[in-house]
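Dropping final-v3.csv in here (CSV, C-alpha atoms):
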```csv
chain,number,residue,atom,x,y,z
A,17,MET,CA,157.4,152.0,-73.1
A,18,PRO,CA,156.8,149.1,-75.5
A,19,THR,CA,153.8,149.5,-77.7
A,20,GLN,CA,152.0,146.4,-76.4
A,21,VAL,CA,152.4,147.5,-72.8
A,22,GLY,CA,151.2,151.0,-73.6
A,23,ILE,CA,148.0,149.7,-75.4
A,24,ALA,CA,147.3,147.3,-72.5
A,25,ALA,CA,147.6,150.2,-70.0
A,26,VAL,CA,145.1,152.3,-72.1
A,27,ALA,CA,142.7,149.3,-72.2
A,28,VAL,CA,142.8,149.0,-68.4
A,29,ALA,CA,142.2,152.7,-67.9
A,30,PHE,CA,139.3,152.5,-70.4
A,31,VAL,CA,137.6,149.7,-68.4
A,32,ALA,CA,138.2,151.5,-65.1
A,33,VAL,CA,136.4,154.6,-66.5
A,34,LEU,CA,133.5,152.4,-67.7
A,35,ALA,CA,133.2,150.9,-64.2
A,36,MET,CA,132.7,154.4,-62.8
A,37,MET,CA,130.2,155.5,-65.5
A,38,LEU,CA,128.2,152.3,-66.0
A,39,GLY,CA,128.7,150.2,-63.0
A,40,ALA,CA,130.7,147.0,-62.3
A,41,ALA,CA,128.4,144.6,-64.2
A,42,ALA,CA,128.5,146.4,-67.5
A,43,ALA,CA,132.2,147.1,-67.2
A,44,THR,CA,132.8,143.3,-66.6
A,45,MET,CA,131.0,142.4,-69.8
A,46,VAL,CA,133.0,145.0,-71.8
A,47,ALA,CA,136.2,143.9,-70.1
A,48,ALA,CA,135.7,140.3,-71.3
A,49,VAL,CA,135.4,141.5,-74.9
A,50,VAL,CA,138.5,143.8,-74.5
A,51,VAL,CA,140.5,140.9,-73.1
A,52,VAL,CA,139.8,138.6,-76.0
A,53,VAL,CA,140.3,141.3,-78.6
A,54,LEU,CA,143.5,142.7,-77.0
A,55,GLY,CA,144.7,139.2,-76.2
A,56,THR,CA,144.3,138.1,-79.8
A,57,TRP,CA,146.5,141.0,-80.9
A,58,TRP,CA,149.0,140.6,-78.0
A,59,TRP,CA,149.6,136.9,-78.6
A,60,GLY,CA,149.3,137.0,-82.3
A,61,GLY,CA,151.1,140.2,-82.9
A,62,SER,CA,149.8,142.1,-85.9
A,63,THR,CA,148.8,138.9,-87.5
A,64,GLU,CA,146.9,139.8,-90.7
A,65,VAL,CA,144.7,137.5,-92.7
A,66,GLU,CA,146.4,137.3,-96.1
A,67,PRO,CA,144.1,138.0,-99.1
A,68,GLN,CA,144.9,134.5,-100.5
A,69,TYR,CA,143.7,132.8,-97.3
A,70,SER,CA,140.6,130.8,-98.3
A,71,GLY,CA,139.9,128.9,-95.1
A,72,ALA,CA,137.3,129.4,-92.3
A,73,LYS,CA,136.9,132.9,-91.0
A,74,ILE,CA,135.4,134.4,-87.9
A,75,GLU,CA,133.4,137.5,-88.7
A,76,GLY,CA,133.7,139.8,-85.7
A,77,ASP,CA,133.8,138.2,-82.2
A,78,VAL,CA,131.2,135.5,-82.6
A,79,VAL,CA,132.0,131.9,-83.5
A,80,THR,CA,129.2,130.6,-85.6
A,81,LEU,CA,128.0,127.1,-86.7
A,82,ASP,CA,128.9,128.0,-90.3
A,83,PHE,CA,132.4,128.8,-89.2
A,84,VAL,CA,132.8,125.6,-87.3
A,85,LYS,CA,131.5,123.5,-90.2
A,86,LYS,CA,133.9,125.2,-92.6
A,87,MET,CA,136.8,124.7,-90.2
A,88,MET,CA,136.0,121.0,-89.7
A,89,ASP,CA,135.8,120.5,-93.5
A,90,ASP,CA,139.1,122.3,-93.9
A,91,PHE,CA,140.7,120.1,-91.3
A,92,LYS,CA,139.4,117.0,-93.0
A,93,ASN,CA,141.2,118.1,-96.1
A,94,GLN,CA,144.4,118.8,-94.1
A,95,LYS,CA,144.1,122.5,-94.4
A,96,CYS,CA,145.1,124.8,-91.5
A,97,LEU,CA,143.1,127.4,-89.6
A,98,HIS,CA,144.7,130.8,-89.8
A,99,LYS,CA,146.6,131.6,-86.6
A,100,ARG,CA,144.5,134.8,-86.0
A,101,TYR,CA,141.3,132.8,-85.6
A,102,ALA,CA,143.0,130.1,-83.6
A,103,PHE,CA,144.2,132.7,-81.1
A,104,GLN,CA,140.7,134.1,-81.0
A,105,ILE,CA,139.2,130.7,-80.2
A,106,VAL,CA,141.8,129.7,-77.5
A,107,LEU,CA,141.7,133.1,-75.8
A,108,GLN,CA,137.9,133.1,-75.7
A,109,MET,CA,138.0,129.6,-74.2
A,110,ARG,CA,140.5,130.8,-71.5
A,111,GLU,CA,138.1,133.5,-70.4
A,112,MET,CA,135.1,131.1,-70.4
A,113,LEU,CA,136.9,128.3,-68.5
A,114,ARG,CA,138.3,130.7,-65.8
A,115,SER,CA,134.8,131.4,-64.6
A,116,GLN,CA,133.8,127.8,-64.1
A,117,PRO,CA,134.1,125.8,-60.9
A,118,SER,CA,136.4,122.8,-60.5
A,119,LEU,CA,133.3,120.6,-60.4
A,120,VAL,CA,130.5,121.5,-62.8
A,121,ASP,CA,126.9,120.7,-62.3
A,122,ILE,CA,125.0,119.8,-65.5
A,123,ASN,CA,121.2,119.8,-65.7
A,124,VAL,CA,119.5,117.6,-68.3
A,125,PRO,CA,115.7,118.3,-68.5
A,126,ASP,CA,113.2,115.5,-68.5
A,127,GLY,CA,112.8,114.1,-72.0
A,128,SER,CA,116.2,115.3,-73.1
A,129,HIS,CA,119.4,113.4,-73.7
A,130,PHE,CA,123.1,113.9,-72.9
A,131,THR,CA,126.2,112.2,-74.5
A,132,VAL,CA,129.5,111.4,-72.7
A,133,CYS,CA,132.6,110.6,-74.7
A,134,GLY,CA,135.9,109.4,-73.4
A,135,ASP,CA,139.5,109.8,-74.6
A,136,VAL,CA,139.9,111.1,-78.2
A,137,HIS,CA,143.7,111.4,-78.2
A,138,GLY,CA,144.1,113.4,-81.3
A,139,GLN,CA,142.1,111.1,-83.5
A,140,PHE,CA,140.3,113.8,-85.4
A,141,TYR,CA,138.7,111.7,-88.1
A,142,ASP,CA,137.2,109.4,-85.4
A,143,LEU,CA,135.9,112.5,-83.6
A,144,ILE,CA,134.1,113.6,-86.8
A,145,ASN,CA,132.7,110.1,-87.0
A,146,ILE,CA,131.2,110.5,-83.6
A,147,PHE,CA,129.4,113.7,-84.7
A,148,GLU,CA,128.2,111.9,-87.9
A,149,LEU,CA,126.8,109.1,-85.8
A,150,ASN,CA,125.3,111.1,-83.0
A,151,GLY,CA,124.9,114.6,-84.4
A,152,LEU,CA,126.9,117.8,-83.8
A,153,PRO,CA,126.8,119.4,-80.3
A,154,SER,CA,123.9,121.8,-79.8
A,155,GLU,CA,121.7,122.9,-76.9
A,156,GLU,CA,119.4,120.1,-77.9
A,157,ASN,CA,122.2,117.6,-78.3
A,158,PRO,CA,124.8,118.3,-75.6
A,159,TYR,CA,128.1,116.5,-75.0
A,160,LEU,CA,130.7,116.0,-72.3
A,161,PHE,CA,134.2,115.1,-73.5
A,162,ASN,CA,135.9,113.6,-70.5
A,163,GLY,CA,139.6,114.6,-71.0
A,164,ASP,CA,142.6,113.4,-73.0
A,165,PHE,CA,141.7,115.3,-76.1
A,166,VAL,CA,145.3,115.5,-77.3
A,167,ASP,CA,148.6,113.5,-77.5
A,168,ARG,CA,149.5,110.2,-79.3
A,169,GLY,CA,147.2,110.8,-82.3
A,170,SER,CA,148.7,113.2,-84.8
A,171,PHE,CA,145.7,115.4,-85.4
A,172,SER,CA,145.5,116.8,-81.8
A,173,VAL,CA,145.5,120.4,-83.0
A,174,GLU,CA,142.5,119.8,-85.1
A,175,VAL,CA,140.7,118.0,-82.3
A,176,ILE,CA,141.3,120.7,-79.7
A,177,LEU,CA,140.4,123.6,-81.9
A,178,THR,CA,137.2,121.8,-83.0
A,179,LEU,CA,136.1,121.2,-79.4
A,180,PHE,CA,137.1,124.7,-78.3
A,181,ALA,CA,135.3,126.3,-81.2
A,182,LEU,CA,132.1,124.3,-80.5
A,183,LYS,CA,132.3,125.5,-76.9
A,184,CYS,CA,132.7,129.1,-78.0
A,185,MET,CA,129.8,128.7,-80.4
A,186,CYS,CA,127.4,127.4,-77.7
A,187,PRO,CA,128.8,127.0,-74.2
A,188,SER,CA,125.8,124.8,-73.1
A,189,ALA,CA,126.3,122.4,-76.1
A,190,ILE,CA,129.6,120.9,-75.0
A,191,TYR,CA,131.4,120.4,-71.7
A,192,LEU,CA,135.1,119.7,-71.4
A,193,ALA,CA,136.9,118.0,-68.5
A,194,ARG,CA,140.7,117.9,-67.9
A,195,GLY,CA,142.5,114.6,-68.4
A,196,ASN,CA,146.0,113.6,-67.3
A,197,HIS,CA,147.2,114.5,-70.8
A,198,GLU,CA,146.1,118.1,-70.6
A,199,SER,CA,149.4,118.9,-68.9
A,200,ARG,CA,152.8,120.2,-70.0
A,201,SER,CA,154.8,117.1,-69.0
A,202,MET,CA,152.6,114.8,-71.0
A,203,ASN,CA,152.3,117.2,-74.0
A,204,LYS,CA,156.1,117.5,-74.1
A,205,ILE,CA,156.6,113.7,-74.4
A,206,TYR,CA,153.6,112.4,-76.3
A,207,GLY,CA,153.3,114.7,-79.3
A,208,PHE,CA,151.0,117.6,-78.7
A,209,GLU,CA,153.7,120.2,-78.0
A,210,GLY,CA,155.6,119.3,-81.1
A,211,GLU,CA,152.5,119.3,-83.2
A,212,VAL,CA,151.5,122.7,-81.9
A,213,ARG,CA,154.9,124.1,-82.8
A,214,SER,CA,154.7,122.5,-86.3
A,215,LYS,CA,151.1,123.6,-87.1
A,216,LEU,CA,150.8,126.9,-85.1
A,217,SER,CA,153.7,128.4,-83.2
A,218,GLU,CA,155.7,128.4,-80.0
A,219,LYS,CA,153.4,131.0,-78.5
A,220,PHE,CA,150.5,128.5,-78.7
A,221,VAL,CA,152.5,126.0,-76.7
A,222,GLU,CA,152.4,128.4,-73.7
A,223,LEU,CA,148.8,129.4,-74.4
A,224,PHE,CA,147.4,125.9,-74.5
A,225,ALA,CA,149.3,125.0,-71.3
A,226,GLU,CA,147.6,128.0,-69.6
A,227,VAL,CA,144.1,127.1,-70.9
A,228,PHE,CA,144.5,123.4,-69.9
A,229,CYS,CA,145.0,124.5,-66.3
A,230,CYS,CA,141.6,126.2,-66.5
A,231,LEU,CA,139.7,123.0,-67.5
A,232,PRO,CA,137.2,121.7,-64.8
A,233,LEU,CA,138.2,118.4,-63.1
A,234,ALA,CA,134.8,116.7,-62.9
A,235,HIS,CA,131.1,117.0,-63.7
A,236,VAL,CA,127.8,115.8,-62.1
A,237,ILE,CA,124.8,115.1,-64.2
A,238,ASN,CA,121.4,115.8,-62.5
A,239,GLN,CA,123.0,115.2,-59.1
A,240,LYS,CA,123.3,111.5,-59.9
A,241,VAL,CA,126.1,110.7,-62.3
A,242,PHE,CA,129.7,111.6,-61.4
A,243,VAL,CA,131.9,112.0,-64.4
A,244,VAL,CA,135.7,112.2,-64.0
A,245,HIS,CA,138.7,111.3,-66.2
A,246,GLY,CA,140.6,109.1,-63.9
A,247,GLY,CA,139.0,107.9,-60.6
A,248,LEU,CA,138.6,108.1,-56.9
A,249,PHE,CA,140.7,108.8,-53.9
A,250,SER,CA,143.3,107.4,-51.4
A,251,VAL,CA,141.0,108.4,-48.5
A,252,ASP,CA,137.3,107.9,-47.7
A,253,GLY,CA,134.9,110.7,-47.0
A,254,VAL,CA,135.7,113.0,-50.0
A,255,LYS,CA,132.6,115.1,-50.7
A,256,LEU,CA,131.6,116.9,-53.9
A,257,SER,CA,132.2,120.1,-52.1
A,258,ASP,CA,135.8,119.1,-51.5
A,259,ILE,CA,136.3,118.6,-55.3
A,260,LYS,CA,134.6,121.9,-56.0
A,261,ALA,CA,137.1,123.6,-53.6
A,262,VAL,CA,140.2,122.2,-55.4
A,263,ASP,CA,142.4,125.0,-56.8
A,264,ARG,CA,142.9,123.5,-60.2
A,265,PHE,CA,144.7,126.4,-61.9
A,266,CYS,CA,148.1,124.7,-62.0
A,267,GLU,CA,149.9,121.7,-63.5
A,268,PRO,CA,148.7,118.5,-61.9
A,269,PRO,CA,150.5,117.7,-58.7
A,270,GLU,CA,151.9,114.2,-57.9
A,271,GLU,CA,149.5,113.5,-55.1
A,272,GLY,CA,146.3,114.7,-53.6
A,273,LEU,CA,142.7,115.0,-54.9
A,274,MET,CA,143.5,116.6,-58.2
A,275,CYS,CA,146.2,114.0,-59.0
A,276,GLU,CA,143.8,111.2,-58.1
A,277,LEU,CA,140.9,112.6,-60.1
A,278,LEU,CA,143.1,112.6,-63.2
A,279,TRP,CA,145.2,109.4,-62.8
A,280,SER,CA,143.4,106.7,-60.7
A,281,ASP,CA,142.0,103.4,-62.0
A,282,PRO,CA,139.5,100.9,-60.8
A,283,GLN,CA,140.6,97.4,-59.7
A,284,PRO,CA,138.6,94.1,-59.5
A,285,PHE,CA,139.3,93.4,-55.8
A,286,PRO,CA,138.3,95.4,-52.7
A,287,GLY,CA,140.3,98.2,-51.1
A,288,ARG,CA,143.0,100.2,-52.5
A,289,GLY,CA,146.3,99.4,-54.1
A,290,PRO,CA,149.3,101.0,-55.9
A,291,SER,CA,148.7,102.3,-59.4
A,292,LYS,CA,150.2,100.4,-62.4
A,293,ARG,CA,151.0,103.8,-63.7
A,294,GLY,CA,153.1,104.9,-60.8
A,295,VAL,CA,150.8,107.9,-60.2
A,296,GLY,CA,147.4,107.9,-58.5
A,297,LEU,CA,146.0,104.6,-57.1
A,298,SER,CA,143.8,101.6,-57.8
A,299,PHE,CA,140.5,101.4,-56.0
A,300,GLY,CA,137.9,98.6,-55.5
A,301,ALA,CA,134.1,98.3,-55.7
A,302,ASP,CA,133.9,99.1,-51.9
A,303,VAL,CA,135.6,102.4,-52.5
A,304,THR,CA,133.2,103.2,-55.3
A,305,ARG,CA,130.2,102.2,-53.3
A,306,LYS,CA,131.1,104.4,-50.3
A,307,PHE,CA,131.8,107.4,-52.4
A,308,LEU,CA,128.5,107.1,-54.2
A,309,GLN,CA,126.7,106.7,-50.8
A,310,ASP,CA,128.5,109.6,-49.2
A,311,ASN,CA,127.5,111.9,-52.0
A,312,ASN,CA,124.0,110.5,-52.9
A,313,LEU,CA,125.1,109.5,-56.4
A,314,ASP,CA,124.1,106.5,-58.5
A,315,LEU,CA,126.9,106.0,-61.0
A,316,ILE,CA,130.5,106.9,-61.8
A,317,VAL,CA,131.6,107.4,-65.4
A,318,ARG,CA,135.3,107.6,-66.1
A,319,SER,CA,137.7,107.2,-69.0
A,320,HIS,CA,141.5,107.0,-69.0
A,321,GLU,CA,141.9,103.3,-70.1
A,322,VAL,CA,141.7,101.7,-73.5
A,323,LYS,CA,139.0,98.9,-73.6
A,324,ASP,CA,138.6,96.3,-76.3
A,325,GLU,CA,134.9,97.1,-76.8
A,326,GLY,CA,135.3,100.8,-76.1
A,327,TYR,CA,133.8,100.5,-72.6
A,328,GLU,CA,133.7,98.3,-69.5
A,329,ILE,CA,131.1,98.1,-66.7
A,330,GLU,CA,132.7,97.3,-63.3
A,331,HIS,CA,132.1,97.5,-59.6
A,332,ASP,CA,128.6,95.8,-59.6
A,333,GLY,CA,127.4,98.1,-62.4
A,334,LYS,CA,128.3,101.3,-60.5
A,335,LEU,CA,131.3,102.3,-62.6
A,336,ILE,CA,131.6,102.6,-66.4
A,337,THR,CA,134.8,103.2,-68.2
A,338,ILE,CA,134.3,104.9,-71.6
A,339,PHE,CA,137.0,105.2,-74.3
A,340,SER,CA,136.3,107.0,-77.6
A,341,ALA,CA,139.5,106.5,-79.6
A,342,PRO,CA,139.0,103.3,-81.7
A,343,ASN,CA,142.0,101.4,-82.9
A,344,TYR,CA,144.0,103.4,-80.5
A,345,CYS,CA,147.4,104.5,-81.9
A,346,ASP,CA,146.5,102.6,-85.1
A,347,GLN,CA,147.5,99.3,-83.5
A,348,MET,CA,145.2,98.3,-80.6
A,349,GLY,CA,142.2,97.1,-82.7
A,350,ASN,CA,139.7,98.3,-80.0
A,351,LYS,CA,136.3,99.8,-80.7
A,352,GLY,CA,135.4,103.3,-79.5
A,353,ALA,CA,132.3,104.0,-77.5
A,354,TYR,CA,130.1,106.8,-76.1
A,355,ILE,CA,127.3,106.9,-73.6
A,356,ARG,CA,123.9,108.5,-74.3
A,357,PHE,CA,121.8,109.3,-71.2
A,358,GLU,CA,118.1,109.9,-71.3
A,359,ALA,CA,116.5,112.0,-68.5
A,360,PRO,CA,115.0,111.6,-66.1
A,361,ASP,CA,116.0,108.0,-65.4
A,362,LEU,CA,119.6,108.5,-66.8
A,363,LYS,CA,119.9,104.9,-67.9
A,364,PRO,CA,123.2,104.6,-69.8
A,365,ASN,CA,122.8,103.6,-73.4
A,366,ILE,CA,126.3,102.6,-74.7
A,367,VAL,CA,127.0,103.0,-78.4
A,368,THR,CA,130.2,101.4,-79.9
A,369,PHE,CA,131.8,102.2,-83.2
A,370,SER,CA,134.9,101.3,-85.3
A,371,ALA,CA,137.8,103.4,-86.5
A,372,VAL,CA,137.6,105.2,-89.8
A,373,PRO,CA,140.4,105.9,-92.2
A,374,HIS,CA,142.6,108.9,-91.8
A,375,PRO,CA,145.5,110.4,-93.8
A,376,ASP,CA,148.8,108.6,-93.7
A,377,VAL,CA,150.3,110.4,-90.7
A,378,LYS,CA,151.4,108.0,-88.1
A,379,PRO,CA,150.5,108.3,-84.4
A,380,MET,CA,153.2,110.1,-82.4
A,381,ALA,CA,154.5,111.7,-85.6
A,382,TYR,CA,155.3,114.9,-83.6
A,383,ALA,CA,156.4,113.1,-80.3
A,384,ASN,CA,159.7,113.2,-78.6
A,385,ASN,CA,162.3,111.5,-80.9
A,386,PHE,CA,163.4,109.1,-78.2
A,387,LEU,CA,159.9,107.7,-77.8
A,388,ARG,CA,159.4,107.4,-81.6
A,389,MET,CA,162.2,104.9,-81.7
A,390,PHE,CA,159.9,102.4,-79.9
A,391,GLN,CA,156.8,103.0,-82.1
```

Target format structure tokens, applied to this file:
Amino acid sequence: MPTQVGIAAVAVAFVAVLAMMLGAAAATMVAAVVVVVLGTWWWGGSTEVEPQYSGAKIEGDVVTLDFVKKMMDDFKNQKCLHKRYAFQIVLQMREMLRSQPSLVDINVPDGSHFTVCGDVHGQFYDLINIFELNGLPSEENPYLFNGDFVDRGSFSVEVILTLFALKCMCPSAIYLARGNHESRSMNKIYGFEGEVRSKLSEKFVELFAEVFCCLPLAHVINQKVFVVHGGLFSVDGVKLSDIKAVDRFCEPPEEGLMCELLWSDPQPFPGRGPSKRGVGLSFGADVTRKFLQDNNLDLIVRSHEVKDEGYEIEHDGKLITIFSAPNYCDQMGNKGAYIRFEAPDLKPNIVTFSAVPHPDVKPMAYANNFLRMFQ
């Protein structure tokens, strides 16, 4: 019997005995720790932290603010995180995300605020700028990042590990939604897969693909603001309960609710039309209005499209597109933006910002060689 299989079998037996002795609840808590620890060893092999490694370190099982700050500083200086700690973060995220519903309800208490960011697309230095402008995520300063964390920008590994580590540090400080680029097919073409192979290893390609399938598809803030990466649906009458019931643990299909949540776009005229992307659809203000009425909502926030000012308000003020990757791909010249909501009225306060300098690594540096010919 291979050593790894044998150890896994022992771990399963250990948890089973605990369930008999302590009850299911206690055994479940222990099992979660065992899964992360065993998983770190399984995926990473016997990865040891070399004595000469001077980067950020996780002491024990807890991701701390000090660790996150050190890791971000290392990333800014183009230093890598040790694979052992990267495994630990990603595996912990997998266990955390598996337990979440496909649609997550967020409660913002009266007098508190909440920030929603759009696409980041591997622009790590612009992500750091958001935190410098608006503060690091915390229980008192929570964020939602609305998908498309990776691809195109060539610091996608730094972006995803930072967002995942912040989530591990404090789950209520940061929420993460799936975008259309959190998928194997997009990552294979637009750079993330190649970047992961270069900076981490082939094992991480599979692991990230698995974790991306665990990301929630949408969020609702205080039962009033619906936040999704793409947009709405090819049929009327979709309820929040239908979204919550979507089995999201898969690669995005080419049709259906999950596909449309990730891919659809608003259009300036009523009704529905074909998508300019060839996937999903375009939907008008009447579709937006009916969805909001059917679900007793006030506003839709979505991302998915670059905007000159970093945002656009459409559909009679009932839909806001937010995009947080300024000077997208180093060539679009657009601003980035984020939305800060204040409870209880949840009036959107939009903040725009410009791109900051980054090291001389071109966008799509790790992308499919055929696509790079056209950059």

Practice problem: Do a neighbour search on region 363-372 of chain A at 7 Å with all atoms listed in the file, toss out local chain neighbours closer than 2 positions, and write the hits as a VMD selection string. | Solution: chain A and resid 141 to 142 326 342 to 343 351 to 358 361 374

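The coordinates place CA of Ile105 (chain A) at 17.8 Å from CA of Tyr69 (chain A).
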
Self-check item: Contact residues around region 172-181 of chain A with all atoms listed in the file at 9 Å, ignoring same-chain residues under 6 positions, as an MDAnalysis selection string
Solution: chainID A and resid 79:80 83:84 87:88 91:92 96:97 102 105:106 108:109 136:141 143 161 165:166 190 192 207:208 211:212 215:216

Self-check item: For His320 (chain A), the nearest of the candidates A:Val227, A:Cys266, A:Leu362, A:Cys133, counting all atoms listed in the file
Solution: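 Among the listed residues, A:Cys133 lies closest to His320 (chain A).
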
Quiz item: To one decimal place, how far is CA of Ser250 (chain A) from CA of Phe299 (chain A) in Å?
Solution: 8.1 Å

Exercise. Would you mind listing what lies within 10 Å of Gly272 (chain A) as number ranges by chain, with all atoms listed in the file counted and same-chain residues fewer than 6 positions away left out?
Key: A: 249-251, 262, 296

Excluding same-chain residues fewer than 3 positions from Asn150 (chain A), what lies within 10 Å of it counting only C-alpha atoms, as a short mmCIF file (atom, residue, chain, number, x, y, z; two decimals) with C-alpha atoms, keeping the file's coordinate frame?
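As written to disk, out12.cif reads:
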```cif
data_model
loop_
_atom_site.label_atom_id
_atom_site.label_comp_id
_atom_site.auth_asym_id
_atom_site.auth_seq_id
_atom_site.Cartn_x
_atom_site.Cartn_y
_atom_site.Cartn_z
CA THR A 131 126.20 112.20 -74.50
CA ILE A 144 134.10 113.60 -86.80
CA ASN A 145 132.70 110.10 -87.00
CA ILE A 146 131.20 110.50 -83.60
CA PHE A 147 129.40 113.70 -84.70
CA PRO A 153 126.80 119.40 -80.30
CA ASN A 157 122.20 117.60 -78.30
CA TYR A 354 130.10 106.80 -76.10
CA ARG A 356 123.90 108.50 -74.30
CA VAL A 367 127.00 103.00 -78.40
#
```

Quiz item: When you draw a straight line from CA of Asp314 (chain A) to CA of Ala341 (chain A), how long is it in Å?
Solution: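 Computing the Euclidean distance for CA of Asp314 (chain A) and CA of Ala341 (chain A) yields 26.1 Å.
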
Quiz item: Taking into account all atoms listed in the file, which residue in the set A:Lys378, A:Pro125, A:Ser319, A:His331 is nearest to Asp346 (chain A)?
Solution: A:Lys378

Quiz prompt | All residues 8 Å or closer to region 229-242 of chain A, only C-alpha atoms, same chain fewer than 3 positions away omitted, as JSON, numbers by chain | solution = {"A": [110, 113, 114, 116, 117, 118, 119, 120, 121, 122, 123, 124, 192, 193, 194, 195, 198, 199, 225, 226, 245, 259, 264, 265, 266, 267, 274, 277, 278, 312, 313, 314, 315, 316, 317]}

Quiz item: Out of A:Thr63, A:Glu330, A:Thr304, A:Ser170, which residue has the shortest atom-to-atom distance to Gln94 (chain A) when counting all atoms listed in the file?
Solution: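 Closest residue, counting all atoms listed in the file: A:Ser170.
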
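Nearest residue to Asn162 (chain A), choosing from A:Pro268, A:Gly134, A:Gly127, A:Pro67 and counting all atoms listed in the file: A:Gly134.
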
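Across A:Leu160, A:Leu223, A:Ala381, A:Cys186, the tightest approach to Leu81 (chain A) is made by A:Cys186 when counting all atoms listed in the file.
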
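Considering all atoms listed in the file, the residue among A:Ala301, A:Leu107, A:Leu273, A:Val244 positioned nearest to Asp258 (chain A) is A:Leu273.
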
Hey, could you patch up region 200-213 of chain A with N, CA and C atoms and hand it over as a PDB file, in the frame of the given file?
```pdb
ATOM      1  N   ARG A 200     151.580 119.963 -69.260  1.00  0.00           N
ATOM      2  CA  ARG A 200     152.800 120.200 -70.000  1.00  0.00           C
ATOM      3  C   ARG A 200     153.716 119.005 -70.067  1.00  0.00           C
ATOM      4  N   SER A 201     153.846 118.273 -68.967  1.00  0.00           N
ATOM      5  CA  SER A 201     154.800 117.100 -69.000  1.00  0.00           C
ATOM      6  C   SER A 201     154.377 116.088 -69.974  1.00  0.00           C
ATOM      7  N   MET A 202     153.081 115.792 -70.079  1.00  0.00           N
ATOM      8  CA  MET A 202     152.600 114.800 -71.000  1.00  0.00           C
ATOM      9  C   MET A 202     152.699 115.322 -72.461  1.00  0.00           C
ATOM     10  N   ASN A 203     152.322 116.571 -72.663  1.00  0.00           N
ATOM     11  CA  ASN A 203     152.300 117.200 -74.000  1.00  0.00           C
ATOM     12  C   ASN A 203     153.758 117.241 -74.565  1.00  0.00           C
ATOM     13  N   LYS A 204     154.718 117.426 -73.686  1.00  0.00           N
ATOM     14  CA  LYS A 204     156.100 117.500 -74.100  1.00  0.00           C
ATOM     15  C   LYS A 204     156.610 116.165 -74.656  1.00  0.00           C
ATOM     16  N   ILE A 205     156.101 115.074 -74.086  1.00  0.00           N
ATOM     17  CA  ILE A 205     156.600 113.700 -74.400  1.00  0.00           C
ATOM     18  C   ILE A 205     155.768 113.100 -75.557  1.00  0.00           C
ATOM     19  N   TYR A 206     154.442 113.244 -75.505  1.00  0.00           N
ATOM     20  CA  TYR A 206     153.600 112.400 -76.300  1.00  0.00           C
ATOM     21  C   TYR A 206     153.010 113.086 -77.578  1.00  0.00           C
ATOM     22  N   GLY A 207     153.574 114.233 -77.954  1.00  0.00           N
ATOM     23  CA  GLY A 207     153.300 114.700 -79.300  1.00  0.00           C
ATOM     24  C   GLY A 207     152.615 116.051 -79.453  1.00  0.00           C
ATOM     25  N   PHE A 208     151.773 116.437 -78.479  1.00  0.00           N
ATOM     26  CA  PHE A 208     151.000 117.600 -78.700  1.00  0.00           C
ATOM     27  C   PHE A 208     151.859 118.885 -78.803  1.00  0.00           C
ATOM     28  N   GLU A 209     152.856 119.006 -77.945  1.00  0.00           N
ATOM     29  CA  GLU A 209     153.700 120.200 -78.000  1.00  0.00           C
ATOM     30  C   GLU A 209     154.421 120.305 -79.325  1.00  0.00           C
ATOM     31  N   GLY A 210     154.963 119.223 -79.827  1.00  0.00           N
ATOM     32  CA  GLY A 210     155.600 119.300 -81.100  1.00  0.00           C
ATOM     33  C   GLY A 210     154.669 119.557 -82.258  1.00  0.00           C
ATOM     34  N   GLU A 211     153.458 119.017 -82.170  1.00  0.00           N
ATOM     35  CA  GLU A 211     152.500 119.300 -83.200  1.00  0.00           C
ATOM     36  C   GLU A 211     152.038 120.737 -83.210  1.00  0.00           C
ATOM     37  N   VAL A 212     151.875 121.317 -82.024  1.00  0.00           N
ATOM     38  CA  VAL A 212     151.500 122.700 -81.900  1.00  0.00           C
ATOM     39  C   VAL A 212     152.604 123.605 -82.546  1.00  0.00           C
ATOM     40  N   ARG A 213     153.844 123.296 -82.237  1.00  0.00           N
ATOM     41  CA  ARG A 213     154.900 124.100 -82.800  1.00  0.00           C
ATOM     42  C   ARG A 213     154.939 123.956 -84.355  1.00  0.00           C
TER      43      ARG A 213
END
```
